[in-house]
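Visitor: Starting off with a structure, shown below.
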Amino acid sequence: MDGDSQRSLWNKISHIFGGKSEDNLEQVIMEAREEGDVEAEESNMLLSVLELGETQVQEIMTPRTDIACLTNEATIQEAAQCIQTNGHSRIPVYKETKDNIIGIIYAKDLLTYLVDPNLDPAADHVDKIMRQPYFIPETKSSAELLQEFRVRKNHIAIVVDEYGGTSGLITIEDLLEVIVGDIEDEFDAPREEDVQKINDEEYILHGRTFLEDLTEIGINIESEEVDTIGGYLSLQAGHVPAVNETFAIADWEFTVIEADTKQIHKISAKKINHSVLADE
């Protein structure tokens, strides 16, 4: 979107929202779309902005298990390698465990070590250049956080649970993607789909797949304790299941096909054919 288009959109927003209460903003946006005051794409973005206000950061953050982190004992050279490997420009630093995040490494802060021959990136540790982390509760409104990012000129926050432990990480990119969709750059690796269809009765699921998303393929599982299929199978087993462990749940047979000691990565889901079982 160029500068003129941005000004045009914001002029439309001011006109549409002027004097309107928050209670009927969604209706106002839809009416403006029907009357041609805003384009379909613009109205979708405005509706996404409203959705952002109702979304807690825990719903869109990167969970703790997927965060690329560095120990405070890592050297600056190791930090540079971590940034190169993961493609992130900001890496959290922890002391002893990920529950104790003590800093953030910025890729641009490493440049001094690359150009100054008097500095040794293999000798100095990351605590010499790390910045103070910004902590937020996992129940914070995503819209509030976006505003805080703007005011603080900060682009990353560490999400903590009610006990002060690290729950996840969220960036300004995560928030903007709620509004405009996925933002990919040249460093992003292609992400596998959470649900891969083999046929109508067989799927490959990523362990992070949300239970509510499985209803779209006819798998109906509800839980008040966990959100993902990987978490659900771990809950049923009482441990993180190993490869080839199988579960019969809700007319489906789930088999773990990829996992480590901490979490399930991939699962085979096959519809149970009860007529075949009866014949046998």
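Following the order of the structure tokens, chains are lettered A, B, ..., residues in each are numbered from 1, and ligands are numbered from 1.
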Using only C-alpha atoms, which residues sit within 6 Å of region 235-252 of chain A once same-chain residues fewer than 3 positions away are excluded, as a list in words?

Guide: Tyr232, Thr255, Val256, Ile257, Glu258, Lys270, Lys271 and Ile272 of chain A

Visitor: Using only C-alpha atoms, determine which residues lie at most 12 Å from Asp66 (chain A), disregarding the query and same-chain residues fewer than 5 positions distant; provide the list as a PyMOL selection string.

Guide: chain A and resi 61+86+98+166-170+208+262-263+265

Visitor: Using only C-alpha atoms, which of the listed residues (A:Arg131, A:Arg90, A:Lys197, A:His155) sits closest to Ile67 (chain A)?

Guide: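 Checking each candidate against Ile67 (chain A), we get A:Arg90 as the closest.
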
Visitor: Could you tell me which of A:Gln77, A:Thr65, A:Gln147, A:Gln56 comes closest to Thr261 (chain A) if we count only C-alpha atoms?

Guide: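 Checking each of A:Gln77, A:Thr65, A:Gln147, A:Gln56 against Thr261 (chain A), counting only C-alpha atoms, the winner is A:Thr65.
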
Visitor: Could you pull out the alpha helix (DSSP H) residues of region 143-181 of chain A, going by DSSP on the backbone, and write them as a PyMOL selection string?

Guide: chain A and resi 143-152+172-180

Visitor: For a test of reading the model, state the distance in Å between CA of Val57 (chain A) and CA of Ile101 (chain A), rounded to one decimal.

Guide: 17.9 Å
